[in-house]
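Colleague: Data file query.cif (mmCIF, C-alpha atoms and all ligand atoms) is appended below.
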data_input
loop_
_atom_site.label_atom_id
_atom_site.label_comp_id
_atom_site.auth_asym_id
_atom_site.auth_seq_id
_atom_site.Cartn_x
_atom_site.Cartn_y
_atom_site.Cartn_z
CA MET P 663 0.00 0.00 0.00
CA LYS P 664 1.34 3.42 -0.91
CA PRO P 665 1.72 5.77 2.07
CA TRP P 666 -0.85 8.39 1.10
CA GLY P 667 -3.35 6.61 -1.02
CA SER P 668 -4.01 3.44 -2.82
CA LEU P 669 -4.29 2.23 -6.33
CA PRO P 670 -6.93 -0.18 -7.40
CA GLY P 671 -6.18 -3.48 -5.74
CA ASP P 672 -3.66 -6.10 -6.76
CA ASP P 673 -6.13 -7.82 -9.05
CA PRO P 674 -7.28 -5.21 -11.60
CA GLU P 675 -9.74 -7.54 -13.33
CA ARG P 676 -11.40 -8.32 -10.00
CA ASP P 677 -11.51 -4.57 -9.17
CA ARG P 678 -13.03 -3.75 -12.53
CA SER P 679 -15.71 -6.41 -12.34
CA ALA P 680 -16.50 -5.35 -8.74
CA ALA P 681 -16.92 -1.77 -9.99
CA ARG P 682 -19.16 -2.95 -12.84
CA GLU P 683 -21.25 -5.01 -10.42
CA ALA P 684 -21.60 -2.02 -8.07
CA LEU P 685 -22.70 0.22 -10.95
CA ASP P 686 -25.16 -2.42 -12.20
CA ALA P 687 -26.54 -2.85 -8.69
CA ALA P 688 -27.04 0.91 -8.47
CA GLY P 689 -28.86 0.84 -11.83
CA ILE P 690 -26.31 3.23 -13.35
CA ASP P 691 -25.89 3.12 -17.12
CA LEU P 692 -22.64 4.80 -18.03
CA ASP P 693 -23.40 4.88 -21.76
CA PRO P 694 -27.13 5.42 -22.23
CA VAL P 695 -27.00 5.22 -26.02
CA PRO P 696 -29.32 2.77 -27.80
CA PRO P 697 -27.72 -0.59 -28.54
CA GLY P 698 -25.89 -0.60 -31.83
CA HIS P 699 -25.36 3.17 -31.79
CA HIS P 700 -22.88 5.68 -30.44
CA ARG P 701 -22.33 9.42 -30.49
CA HIS P 702 -19.31 11.74 -30.40
CA ALA P 703 -20.68 14.37 -28.06
CA PRO P 704 -23.50 14.59 -25.51
CA GLU P 705 -25.54 16.71 -27.88
CA GLY P 706 -24.03 15.12 -31.02
CA GLU P 707 -26.01 13.09 -33.50
CA LEU P 708 -26.24 9.31 -33.12
CA HIS P 709 -24.18 7.09 -35.39
CA VAL P 710 -24.78 3.44 -36.00
CA ASP P 711 -21.93 1.18 -34.95
CA GLY P 712 -19.40 0.51 -37.64
CA HIS P 713 -19.14 4.21 -38.48
CA ALA P 714 -15.40 4.85 -38.76
CA HIS P 715 -13.95 7.13 -36.09
CA PRO P 716 -11.11 9.25 -37.36
CA HIS P 717 -8.80 8.16 -34.55
CA GLN P 718 -7.01 4.86 -34.74
CA HIS P 719 -7.50 2.00 -32.32
CA ALA P 720 -4.87 -0.18 -30.72
CA ALA P 721 -5.38 -3.92 -31.01
CA PRO P 722 -6.75 -5.53 -27.83
CA GLY P 723 -4.00 -5.98 -25.24
CA GLU P 724 -1.73 -3.41 -26.92
CA ARG P 725 -0.74 0.00 -25.56
CA PRO P 726 -3.30 2.67 -26.50
CA ILE P 727 -2.33 4.88 -29.42
CA THR P 728 -0.88 7.82 -27.54
CA GLY P 729 -0.20 11.43 -28.45
CA ILE P 730 1.34 14.35 -26.56
CA VAL P 731 0.21 17.98 -26.83
CA GLY P 732 3.08 20.31 -25.93
CA GLY P 733 6.67 19.92 -27.03
CA GLY P 734 8.09 21.57 -23.91
CA ALA P 735 10.12 20.15 -21.05
CA VAL P 736 7.61 17.58 -19.80
CA GLY P 737 6.10 16.65 -23.17
CA THR P 738 9.48 15.94 -24.75
CA ALA P 739 10.91 14.02 -21.80
CA LEU P 740 7.75 11.91 -21.47
CA GLY P 741 7.82 11.27 -25.20
CA VAL P 742 11.40 10.02 -25.04
CA ALA P 743 10.91 8.03 -21.83
CA LEU P 744 7.64 6.36 -22.85
CA THR P 745 8.97 5.38 -26.27
CA ARG P 746 12.09 3.87 -24.69
CA ALA P 747 9.87 2.04 -22.22
CA GLY P 748 7.97 0.35 -25.05
CA TRP P 749 5.01 2.73 -24.92
CA PRO P 750 5.11 4.24 -28.42
CA ILE P 751 4.17 7.86 -28.96
CA HIS P 752 2.22 8.16 -32.14
CA ALA P 753 2.00 11.95 -32.41
CA VAL P 754 2.95 15.31 -30.94
CA ALA P 755 1.16 18.63 -31.28
CA SER P 756 3.26 21.73 -30.83
CA ARG P 757 2.69 25.17 -32.22
CA ASP P 758 6.37 25.84 -32.55
CA PRO P 759 8.06 24.35 -35.68
CA GLU P 760 11.43 24.01 -33.94
CA ARG P 761 9.96 22.16 -30.96
CA ARG P 762 7.94 19.94 -33.31
CA GLN P 763 11.11 19.07 -35.18
CA ARG P 764 13.08 18.46 -32.00
CA PHE P 765 10.38 16.17 -30.65
CA ALA P 766 10.08 14.18 -33.89
CA ALA P 767 13.87 13.82 -34.03
CA ARG P 768 14.02 12.46 -30.48
CA VAL P 769 10.87 10.33 -30.50
CA GLU P 770 10.97 7.79 -33.25
CA GLY P 771 7.74 7.28 -35.17
CA ALA P 772 5.97 10.37 -33.78
CA ARG P 773 3.99 12.38 -36.32
CA ALA P 774 4.07 16.11 -35.69
CA PHE P 775 1.03 18.39 -35.81
CA ALA P 776 0.65 22.09 -35.24
CA GLU P 777 -2.93 21.78 -33.95
CA PRO P 778 -4.07 19.75 -30.94
CA GLN P 779 -7.35 18.77 -32.64
CA ALA P 780 -5.43 17.19 -35.53
CA LEU P 781 -3.66 14.98 -32.98
CA ILE P 782 -6.96 14.12 -31.29
CA GLU P 783 -8.26 12.84 -34.63
CA GLU P 784 -5.45 10.25 -34.57
CA VAL P 785 -4.96 8.89 -31.07
CA GLU P 786 -6.75 7.19 -28.17
CA LEU P 787 -4.81 8.54 -25.18
CA ILE P 788 -4.11 12.30 -25.27
CA ILE P 789 -1.48 13.69 -22.90
CA LEU P 790 -1.67 17.47 -22.45
CA ALA P 791 1.75 18.67 -21.29
CA VAL P 792 1.07 22.41 -21.46
CA PRO P 793 1.30 25.11 -18.75
CA ASP P 794 -1.30 24.84 -15.97
CA ASP P 795 -2.83 28.16 -16.97
CA ALA P 796 -3.33 27.00 -20.59
CA LEU P 797 -5.19 23.78 -19.73
CA ALA P 798 -8.74 25.11 -19.31
CA ARG P 799 -8.65 27.12 -22.52
CA LEU P 800 -7.09 24.26 -24.46
CA ALA P 801 -9.67 21.76 -23.14
CA GLY P 802 -12.41 24.17 -24.15
CA SER P 803 -11.09 24.43 -27.70
CA VAL P 804 -10.98 20.72 -28.60
CA ARG P 805 -13.41 17.81 -28.59
CA MET P 806 -12.78 14.16 -27.88
CA TYR P 807 -14.39 11.11 -29.42
CA SER P 808 -16.02 8.21 -27.65
CA GLY P 809 -13.41 5.73 -26.45
CA GLN P 810 -10.69 8.36 -25.95
CA ALA P 811 -9.04 9.46 -22.72
CA MET P 812 -7.35 12.81 -22.05
CA ILE P 813 -4.91 13.43 -19.21
CA HIS P 814 -2.74 16.35 -18.12
CA THR P 815 0.56 16.50 -16.27
CA SER P 816 -0.19 19.36 -13.90
CA GLY P 817 0.65 18.87 -10.25
CA VAL P 818 -1.85 21.35 -8.92
CA LEU P 819 -4.98 21.08 -11.06
CA GLY P 820 -7.45 18.24 -10.89
CA ALA P 821 -8.58 16.19 -13.88
CA GLU P 822 -11.86 18.14 -13.97
CA VAL P 823 -10.15 21.04 -15.76
CA LEU P 824 -10.33 18.82 -18.86
CA ALA P 825 -14.11 18.34 -18.63
CA PRO P 826 -14.90 20.84 -21.43
CA ALA P 827 -13.20 18.50 -23.94
CA MET P 828 -15.33 15.50 -22.96
CA ALA P 829 -17.92 13.76 -25.10
CA ALA P 830 -19.97 10.66 -24.33
CA GLY P 831 -17.80 7.65 -23.61
CA THR P 832 -14.61 9.64 -22.93
CA GLN P 833 -12.48 9.76 -19.81
CA ILE P 834 -10.25 12.37 -18.21
CA GLY P 835 -7.38 12.01 -15.77
CA ALA P 836 -4.03 13.31 -14.60
CA PHE P 837 -0.47 12.00 -14.58
CA HIS P 838 1.91 14.13 -12.55
CA PRO P 839 5.53 12.99 -12.32
CA LEU P 840 7.39 14.31 -9.29
CA VAL P 841 10.46 15.13 -11.33
CA ALA P 842 12.26 18.42 -12.05
CA PHE P 843 12.26 18.58 -15.86
CA ALA P 844 15.28 20.87 -16.25
CA ASP P 845 16.99 18.80 -18.94
CA THR P 846 15.46 16.10 -21.17
CA ASP P 847 18.03 13.34 -20.62
CA ARG P 848 18.33 13.94 -16.88
CA ALA P 849 14.53 13.99 -16.53
CA VAL P 850 14.18 10.76 -18.51
CA ALA P 851 16.65 9.14 -16.11
CA ALA P 852 14.93 10.66 -13.06
CA LEU P 853 11.52 9.27 -14.05
CA HIS P 854 12.90 5.90 -13.08
CA GLY P 855 12.19 5.66 -9.36
CA ALA P 856 10.05 8.82 -9.25
CA THR P 857 6.54 9.05 -7.84
CA ILE P 858 3.71 9.75 -10.30
CA ALA P 859 0.37 10.97 -8.95
CA ILE P 860 -2.46 9.67 -11.09
CA GLU P 861 -6.13 10.56 -11.33
CA GLY P 862 -8.94 9.00 -13.28
CA ASP P 863 -11.76 6.53 -12.94
CA GLU P 864 -10.84 2.95 -12.22
CA GLU P 865 -10.17 1.79 -15.75
CA LEU P 866 -8.13 4.85 -16.71
CA ALA P 867 -6.26 4.83 -13.38
CA GLN P 868 -5.25 1.25 -14.03
CA LEU P 869 -3.92 2.19 -17.46
CA LEU P 870 -2.03 5.19 -16.02
CA ALA P 871 -0.57 3.02 -13.27
CA GLU P 872 0.73 0.69 -15.98
CA MET P 873 2.16 3.66 -17.86
CA ALA P 874 3.93 4.88 -14.69
CA GLU P 875 5.27 1.42 -13.99
CA ALA P 876 6.51 1.09 -17.58
CA LEU P 877 8.67 4.15 -16.80
CA GLY P 878 10.02 2.49 -13.66
CA ALA P 879 8.07 4.99 -11.53
CA THR P 880 5.72 4.43 -8.62
CA PRO P 881 2.08 5.41 -9.22
CA VAL P 882 0.18 6.90 -6.29
CA ARG P 883 -3.29 8.32 -5.81
CA LEU P 884 -3.58 11.40 -3.62
CA ALA P 885 -6.32 11.91 -1.07
CA GLU P 886 -9.10 14.17 -2.27
CA GLY P 887 -8.29 17.87 -1.73
CA SER P 888 -4.59 17.30 -1.04
CA LYS P 889 -3.14 17.96 -4.50
CA ALA P 890 -2.30 21.65 -4.03
CA ALA P 891 -0.44 21.03 -0.75
CA TYR P 892 1.37 18.02 -2.22
CA HIS P 893 2.42 20.18 -5.17
CA ALA P 894 3.43 23.14 -3.00
CA ALA P 895 5.77 20.77 -1.16
CA ALA P 896 7.18 19.67 -4.52
CA VAL P 897 7.77 23.28 -5.52
CA LEU P 898 9.62 23.91 -2.25
CA ALA P 899 11.67 20.73 -2.75
CA ALA P 900 12.66 21.68 -6.32
CA GLY P 901 12.31 25.42 -7.03
CA GLY P 902 12.53 26.40 -3.36
CA PHE P 903 15.70 24.41 -2.96
CA VAL P 904 17.21 26.04 -6.05
CA ALA P 905 16.40 29.46 -4.55
CA LEU P 906 18.18 28.34 -1.36
CA LEU P 907 21.17 27.16 -3.41
CA ASP P 908 21.28 30.53 -5.15
CA ALA P 909 21.41 32.32 -1.80
CA ILE P 910 24.11 29.92 -0.60
CA ALA P 911 26.14 30.66 -3.73
CA GLU P 912 25.68 34.41 -3.26
CA LEU P 913 27.06 34.20 0.27
CA GLY P 914 29.81 31.84 -0.91
CA ALA P 915 30.84 34.49 -3.44
CA VAL P 916 31.54 36.88 -0.54
CA ALA P 917 34.07 34.28 0.64
CA GLY P 918 35.58 34.15 -2.87
CA LEU P 919 33.85 31.01 -4.16
CA ASP P 920 32.47 30.85 -7.68
CA GLU P 921 29.30 28.83 -8.30
CA ALA P 922 31.14 25.55 -8.91
CA GLY P 923 33.23 26.21 -5.79
CA ALA P 924 30.14 26.89 -3.69
CA LEU P 925 28.51 23.67 -4.89
CA ALA P 926 31.71 21.75 -4.18
CA VAL P 927 32.02 23.19 -0.67
CA TYR P 928 28.38 23.22 0.45
CA GLY P 929 27.16 20.23 -1.60
CA PRO P 930 28.55 17.61 0.82
CA LEU P 931 27.03 19.56 3.74
CA ILE P 932 23.64 19.49 2.02
CA GLU P 933 23.93 15.79 1.23
CA GLY P 934 25.06 15.06 4.77
CA THR P 935 22.07 16.96 6.17
CA LEU P 936 19.67 15.06 3.90
CA GLY P 937 21.30 11.82 5.00
CA ASN P 938 20.91 12.83 8.65
CA ALA P 939 17.23 13.67 8.11
CA ARG P 940 16.63 10.32 6.46
CA ALA P 941 18.44 8.45 9.20
CA LEU P 942 17.41 10.44 12.26
CA GLY P 943 14.29 12.35 11.27
CA ILE P 944 13.97 16.00 10.25
CA ARG P 945 13.93 17.50 13.74
CA SER P 946 17.04 15.64 14.85
CA ALA P 947 18.88 16.66 11.69
CA LEU P 948 18.80 20.33 12.73
CA THR P 949 22.25 21.67 13.65
CA GLY P 950 23.71 25.16 13.94
CA PRO P 951 23.35 28.23 16.14
CA MET P 952 19.59 27.90 16.60
CA THR P 953 20.01 24.54 18.34
CA ARG P 954 22.56 26.04 20.72
CA GLY P 955 20.84 29.31 21.40
CA ASP P 956 23.87 31.20 20.05
CA VAL P 957 22.29 34.63 19.76
CA GLY P 958 25.69 36.28 19.13
CA THR P 959 26.35 34.05 16.09
CA LEU P 960 22.89 34.78 14.78
CA THR P 961 23.29 38.55 15.01
CA THR P 962 26.75 38.32 13.37
CA HIS P 963 25.19 36.41 10.46
CA LEU P 964 22.38 38.91 10.11
CA ALA P 965 24.82 41.81 10.00
CA ALA P 966 26.94 40.00 7.36
CA LEU P 967 23.87 39.34 5.24
CA ARG P 968 22.74 42.94 5.47
CA ALA P 969 26.18 44.15 4.44
CA HIS P 970 27.09 41.66 1.71
CA ALA P 971 24.02 39.79 0.46
CA PRO P 972 20.89 41.75 1.40
CA SER P 973 18.76 39.88 -1.16
CA ALA P 974 19.41 36.64 0.76
CA LEU P 975 18.37 38.14 4.11
CA ALA P 976 14.63 37.41 3.87
CA LEU P 977 15.31 33.76 3.08
CA TYR P 978 17.72 33.40 6.01
CA VAL P 979 15.19 35.05 8.32
CA ALA P 980 12.27 32.85 7.15
CA ALA P 981 14.35 29.70 7.56
CA GLY P 982 15.70 31.00 10.88
CA HIS P 983 12.23 31.41 12.41
CA ARG P 984 11.42 27.85 11.41
CA GLU P 985 14.73 26.56 12.82
CA VAL P 986 14.10 28.28 16.14
CA ASP P 987 10.66 26.65 16.32
CA LEU P 988 12.16 23.26 15.53
CA ALA P 989 14.87 23.69 18.17
CA LEU P 990 12.26 24.74 20.72
CA ALA P 991 10.06 21.75 19.87
CA ARG P 992 13.09 19.49 20.24
CA GLY P 993 13.70 20.85 23.73
CA ALA P 994 17.07 22.29 22.69
CA LEU P 995 16.14 25.92 23.40
CA ALA P 996 14.72 27.64 26.44
CA PRO P 997 11.54 29.57 25.53
CA GLU P 998 13.22 32.82 26.55
CA THR P 999 16.17 32.21 24.17
CA ALA P 1000 13.77 31.26 21.39
CA ARG P 1001 11.93 34.56 21.90
CA THR P 1002 15.22 36.49 21.75
CA MET P 1003 16.19 34.75 18.54
CA HIS P 1004 12.78 35.36 16.93
CA ALA P 1005 13.09 39.04 17.89
CA ALA P 1006 16.60 39.32 16.41
CA LEU P 1007 15.35 37.79 13.16
CA GLN P 1008 12.36 40.14 13.09
CA ASP P 1009 14.54 43.20 13.78
CA ALA P 1010 16.93 42.29 10.97
CA LEU P 1011 14.12 42.46 8.44
CA ARG P 1012 12.77 45.67 9.90
CA GLY P 1013 16.26 47.14 9.68
CA ALA P 1014 16.52 46.05 6.06
CA ASP P 1015 13.17 47.69 5.23
CA GLU P 1016 14.28 50.92 6.83
CA ALA P 1017 17.53 50.82 4.84
CA VAL P 1018 15.58 50.81 1.56
CA PRO P 1019 15.49 54.41 0.25
N1 LIG S 1 8.69 21.43 -15.47
C1 LIG S 1 8.54 20.57 -14.50
O1 LIG S 1 9.47 20.26 -13.77
C2 LIG S 1 7.19 19.89 -14.31
C3 LIG S 1 7.14 18.77 -13.48
C4 LIG S 1 5.94 18.07 -13.37
C5 LIG S 1 4.81 18.56 -14.02
N2 LIG S 1 4.88 19.68 -14.78
C6 LIG S 1 3.65 20.12 -15.45
O2 LIG S 1 3.71 19.79 -16.84
C7 LIG S 1 3.03 20.78 -17.62
C8 LIG S 1 3.96 21.32 -18.69
O3 LIG S 1 5.05 21.93 -18.08
P1 LIG S 1 6.44 22.17 -18.87
O4 LIG S 1 7.46 22.44 -17.81
O5 LIG S 1 6.69 21.08 -19.86
O6 LIG S 1 6.12 23.51 -19.63
P2 LIG S 1 6.91 24.12 -20.86
O7 LIG S 1 8.30 23.59 -20.94
O8 LIG S 1 6.71 25.57 -20.80
O9 LIG S 1 6.14 23.52 -22.12
C9 LIG S 1 4.79 23.75 -22.31
C10 LIG S 1 4.38 23.35 -23.73
O10 LIG S 1 3.01 23.71 -23.88
C11 LIG S 1 2.86 24.52 -25.03
N3 LIG S 1 1.99 25.67 -24.70
C12 LIG S 1 2.32 26.79 -24.01
N4 LIG S 1 1.26 27.61 -23.91
C13 LIG S 1 0.27 26.99 -24.55
C14 LIG S 1 -1.09 27.33 -24.81
N5 LIG S 1 -1.60 28.50 -24.38
N6 LIG S 1 -1.87 26.44 -25.49
C15 LIG S 1 -1.34 25.29 -25.93
N7 LIG S 1 -0.07 24.91 -25.73
C16 LIG S 1 0.71 25.75 -25.04
C17 LIG S 1 4.21 25.08 -25.37
O11 LIG S 1 4.25 25.50 -26.67
P3 LIG S 1 4.23 24.72 -28.08
O12 LIG S 1 2.81 24.40 -28.43
O13 LIG S 1 4.79 25.78 -28.89
O14 LIG S 1 5.11 23.52 -27.98
C18 LIG S 1 5.18 24.04 -24.82
O15 LIG S 1 5.50 23.12 -25.82
C19 LIG S 1 2.53 21.84 -16.62
O16 LIG S 1 1.20 21.50 -16.27
C20 LIG S 1 3.44 21.63 -15.43
O17 LIG S 1 2.82 22.00 -14.20
C21 LIG S 1 6.05 20.36 -14.94
#
Have the structure of the file written as structure tokens, please.

Modeller:
Amino acid sequence: MKPWGSLPGDDPERDRSAAREALDAAGIDLDPVPPGHHRHAPEGELHVDGHAHPHQHAAPGERPITGIVGGGAVGTALGVALTRAGWPIHAVASRDPERRQRFAARVEGARAFAEPQALIEEVELIILAVPDDALARLAGSVRMYSGQAMIHTSGVLGAEVLAPAMAAGTQIGAFHPLVAFADTDRAVAALHGATIAIEGDEELAQLLAEMAEALGATPVRLAEGSKAAYHAAAVLAAGGFVALLDAIAELGAVAGLDEAGALAVYGPLIEGTLGNARALGIRSALTGPMTRGDVGTLTTHLAALRAHAPSALALYVAAGHREVDLALARGALAPETARTMHAALQDALRGADEAVP
């Protein structure tokens, strides 16, 4: 069982038939179209079966015919990784000719389209790897066909943002890899062993779990309402950590270190701290002046920051308040010392504000 959720059980066929039985028992008809007919949209006209859909169909038991909208960081890395994992990518849609070309060069067999709808005419599983803010508008501008599924890769939005693209007999979901896609090859490697949060009804979730596992990743389902917090933690772990590294490098520069030097000097300290947190727990991994109640060291640091790296001061102060709280909770600090340290941190920021002309 995954720590914060669960996938459908170990026996997918049993889970699926249990779901079907439950729906039957509840008298729910998921596809209330007359037998022998289907339609492409809720308000669309009925077609008799045998009418050819424009999109292709995978043979039973094969991977669904899959296409990716967005030739950016995530779209390209997923295209490369899925293809290598034996999950062919049939098509990409990217508005930018250079990105289209780059994708097609890296992902063998992928046809390149400029328009998302042209891709939708061709595939069964549509992966939207576009910015979070573009998803709703994109979903509102395209239309799926019965039998298709559309997913996005956003960490913060739910699958429901794709609802405008739905027609009868379609499914929507999400597939969010917890990977920092800074470089295609490094991201492809990092997908192996990463966590991928998936969303979708049972059948789609099962397919997405298989897709995650094909990448060597671990699929998880998040508890309802927890996605934004889960993603905010991811942003702190990736972007937030880079911001911290940048501040570390800025201070290192005062001591004469260039960026590579700062990474060489502070990198082992960071890795050691992470190792300590893994081995001992986060609270016990805290070291430094806050655990000792060294107010003099703290005020010396704050003065150095103000003088040499004022743009890193706010970060030091925010982290410092949290460190003091951790040290207090650990029993390492007397409440009076903790108050003094909080006040020193507060004053440093106030002083910085006053220094701004
Ligand atoms: N970057 C990460 O580390 C990361 C990690 C996990 C999840 N994600 C999620 O993955 C998604 C994509 O992120 P990304 O980092 O790959 O972004 P990205 O590198 O900026 O690429 C986004 C792609 O979407 C296309 N696009 C941009 N605006 C669009 C619009 N208005 N309509 C249609 N297409 C548009 C872009 O243009 P073209 O059409 O010109 O190609 C580009 O190919 C986001 O939901 C993000 O939250 C990102």

Colleague: Would you list the residues that come within 8 Å of ligand LIG 1 (chain S)? Count all atoms listed in the file and give the answer as a count of residues only.

Modeller: 39

Colleague: In Å, rounded to a single decimal, give me how far CA of Ser888 in chain P is from CA of Ala798 in chain P.

Modeller: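 Distance reported for this atom pair: 20.3 Å.
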
Colleague: What is the distance, in Å and to one decimal place, between CA of Arg725 in chain P and CA of Pro826 in chain P?

Modeller: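 Pair CA of Arg725 in chain P / CA of Pro826 in chain P returns 25.5 Å.
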
Colleague: Considering all atoms listed in the file, state which residue in the set P:Ile834, P:Tyr892, P:Leu936, P:Pro997 is at the smallest distance from Ile789 in chain P.

Modeller: P:Ile834

Colleague: For CA of Ala821 in chain P and CA of Gly862 in chain P, determine how far apart the two atoms are, in Å to one decimal place.

Modeller: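 Answer for the CA of Ala821 in chain P to CA of Gly862 in chain P separation: 7.2 Å.
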
Colleague: Find the residues near Ala922 in chain P: any atom within 12 Å, counting only C-alpha atoms, skip ones fewer than 4 places away on the same chain, and give them as an MDAnalysis selection string.

Modeller: chainID P and resid 907:908 910:912 914:915 918 926:929

Colleague: Nearest to Val904 in chain P among P:Val916, P:Ile944, P:Leu925, P:Ala989, with distances taken over only C-alpha atoms: which residue is it?

Modeller: P:Leu925

Colleague: Can you tell me, as a VMD selection string, which residues sit within 7 Å of (15.3, 21.9, 15.3) in the file's frame, using only C-alpha atoms?

Modeller: chain P and resid 945 to 946 948 953 985 to 992

Colleague: Counting all atoms listed in the file, figure out which residue out of P:His963, P:Arg984, P:Arg848, P:Ala971 gets nearest to Ala909 in chain P.

Modeller: P:Ala971
